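Read through the structure below, which is laid out as structure tokens, and then see the notes.
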Amino acid sequence: MYSNFELDVLKEIGNIGAGNAATALSIIISEKVLIKIPEVIILPFNEVIDVMKDPEGFVTGIFFRIEGELESNCVLIIPEKETKNLLKLLLKEDVKDLLTLNDMEQSALKEVGNILVSSFVSALSDFTKLNLKISVPSLALDMAAAILSFPLTIYGIMGDTALLLSTEFYGDSDGVLIDFYLIPDDDKSFKKLLKAIGVDIFDDDTSWNR
Amino acid sequence: MIRVGIGEFKSAKAPAVISTLGLGSCVGICLWDEFTKVGGLAHIMLPDSNLSTTNNFNPGKFADTAIPLLIYDMEELGANRKRIIAKIAGGAQMFEIKSQMEMMKIGKRNVEAVRKALSQFNIKIVAEDVEGNFGRSIEFNCDTGLLTVKSVGRGIKII
């Protein structure tokens, strides 16, 4: 299990990454972007769906694989209404049906994801001096729970408990809302983050699985 | 309505309806004994418990460990494994990812593992809605044995 101190440090790391990402997002959409304080969510898998705002909601999911000195997965979840708003801000067009997006609309969404995640990860990398690289973005327009469960599955090889660093980005009008999740491949990944910034870990390696 | 979470399995008798939300690469396995109207649903995440890096794990997560346990659970409620049939859904690949990691194609592997585990118990899959690239929510009716599959923008399918 993580100590409260370690959890606070992880949240602060999330804050630094998210701050950078919010600035980058704000520039492309020409709107102020605010962030909620990041949360570290540690829950048994069967309870994960219950903490989601609308598990069956129709959302845009943008997935990234992070590799290098920290193996993890990143997912952005943008609700249907906010996806349409975002496309309006970026392309000045009204999109009626997200299931029939054209290439331009899809790549605009991927680009938003790319800017957000790469600025998050580069802040993380500067701060921790860990060498990190991100994959190209991958897009899915689908049920929120189905999208989030995919990166959790990879974490499931190691533990029975889901671990996510979650941050919410929102605009100053109500048109922008993006949930950001960073999910490590295993608990060693987050421990590596802590170690990289000099937090001493007295790890008995029994991990914190319940 | 009985809700099954990720990595869980539950069994019940008619008129119960058992459901699970947001199957992406996960597979929902519905088992049914028509005679006693005992049904069961497992929501597995991963194909094989050999993947586990720990010895002490939740058996509901893996196809090979969840299926036998669900069968025992149903037998407790009076089901006979010789009569049990199966319907399965899920196992999608939600994202196109170019990665060296085999795990990125987990949906298909989950479906294969479910087929294998069911065949070991001689359980026949009578209906399925698997793979593809979209998520599914399912509801299994223990009275009728019908499986309702809901997905975004594709309407409702009853199998």
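Quick note on naming: the chains in the structure tokens go A, B, ... in the order shown, residues restart at 1 in each chain, and ligands are numbered from 1 in order of appearance.
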Ile97 of chain B surroundings by only C-alpha atoms, 9 Å radius, close-in-sequence under 6 positions cut, as a list in words: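 Non-adjacent residues within range: Phe63, Phe64, Arg65, Ser135, Val136, Pro137 and Ser138 of chain A; Met104 and Lys105 of chain B.
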Restrict the selected residues to N, CA and C atoms and save them as a short mmCIF file (atom, residue, chain, number, x, y, z; two decimals), in the first residue's frame.
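part_31.cif written:
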```
data_model
loop_
_atom_site.label_atom_id
_atom_site.label_comp_id
_atom_site.auth_asym_id
_atom_site.auth_seq_id
_atom_site.Cartn_x
_atom_site.Cartn_y
_atom_site.Cartn_z
N PHE A 63 -6.45 6.85 -26.59
CA PHE A 63 -5.53 5.98 -25.85
C PHE A 63 -4.08 6.19 -26.28
N PHE A 64 -3.20 6.18 -25.30
CA PHE A 64 -1.76 6.29 -25.56
C PHE A 64 -1.03 5.25 -24.73
N ARG A 65 -0.02 4.71 -25.32
CA ARG A 65 0.85 3.82 -24.57
C ARG A 65 2.08 4.65 -24.20
N SER A 135 3.17 6.74 -27.53
CA SER A 135 2.79 6.19 -28.83
C SER A 135 1.94 7.19 -29.59
N VAL A 136 1.62 6.89 -30.83
CA VAL A 136 0.65 7.71 -31.54
C VAL A 136 -0.72 7.48 -30.90
N PRO A 137 -1.60 8.49 -30.97
CA PRO A 137 -2.91 8.32 -30.34
C PRO A 137 -3.79 7.34 -31.09
N SER A 138 -4.67 6.69 -30.35
CA SER A 138 -5.64 5.78 -30.95
C SER A 138 -7.02 6.17 -30.44
N MET B 104 -1.82 -6.04 -26.05
CA MET B 104 -2.66 -5.03 -26.68
C MET B 104 -3.77 -5.67 -27.52
N LYS B 105 -3.65 -6.98 -27.79
CA LYS B 105 -4.69 -7.68 -28.55
C LYS B 105 -5.44 -8.64 -27.65
#
```
Between chain A and chain B, at 8 Å or less, what are the per-residue closest atom pairs and their distances in Å? Count only C-alpha atoms, order by chain and rising residue number, and return it as a Markdown table.
```
| residue | atom | partner | partner_atom | distance |
| --- | --- | --- | --- | --- |
| A:Phe45 | CA | B:Ile6 | CA | 5.5 |
| A:Asn46 | CA | B:Gly5 | CA | 4.1 |
| A:Glu47 | CA | B:Gly5 | CA | 6.7 |
| A:Val48 | CA | B:Ile6 | CA | 8.0 |
| A:Ile49 | CA | B:Gly5 | CA | 7.4 |
| A:Pro55 | CA | B:Gly22 | CA | 7.1 |
| A:Glu56 | CA | B:Gly22 | CA | 6.6 |
| A:Phe58 | CA | B:Val152 | CA | 6.7 |
| A:Phe63 | CA | B:Phe95 | CA | 7.2 |
| A:Leu99 | CA | B:Gly153 | CA | 7.1 |
| A:Ser138 | CA | B:Phe95 | CA | 5.9 |
| A:Leu139 | CA | B:Phe95 | CA | 6.4 |
| A:Ala140 | CA | B:Phe95 | CA | 6.1 |
| A:Asp142 | CA | B:Val152 | CA | 6.1 |
| A:Met143 | CA | B:Gly135 | CA | 6.0 |
| A:Ala144 | CA | B:Gly22 | CA | 7.2 |
| A:Ala145 | CA | B:Gly22 | CA | 4.6 |
| A:Ala146 | CA | B:Gly24 | CA | 4.1 |
| A:Ile147 | CA | B:Gly24 | CA | 6.5 |
| A:Ser149 | CA | B:Gly24 | CA | 6.6 |
| A:Phe150 | CA | B:Ser25 | CA | 6.1 |
| A:Thr153 | CA | B:Met45 | CA | 5.8 |
| A:Ile154 | CA | B:Met103 | CA | 7.0 |
| A:Gly156 | CA | B:Met45 | CA | 7.6 |
| A:Ile157 | CA | B:Ser52 | CA | 5.1 |
| A:Met158 | CA | B:Thr53 | CA | 5.3 |
| A:Gly159 | CA | B:Phe57 | CA | 7.2 |
| A:Asp160 | CA | B:Asn58 | CA | 6.2 |
```
Separation of atom CA of Leu130 of chain A from atom CA of Cys74 of chain A, in Å and rounded to one decimal: 16.7 Å
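Across the structure, atom CA of Gly61 of chain A and atom CA of Gly91 of chain B are spaced 17.4 Å apart.
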Of the listed residues A:Lys11, A:Lys92, A:Lys32, A:Lys133, that which approaches Ile66 of chain A most closely, counting only C-alpha atoms: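 Using only C-alpha atoms, the shortest distance to Ile66 of chain A belongs to A:Lys133.
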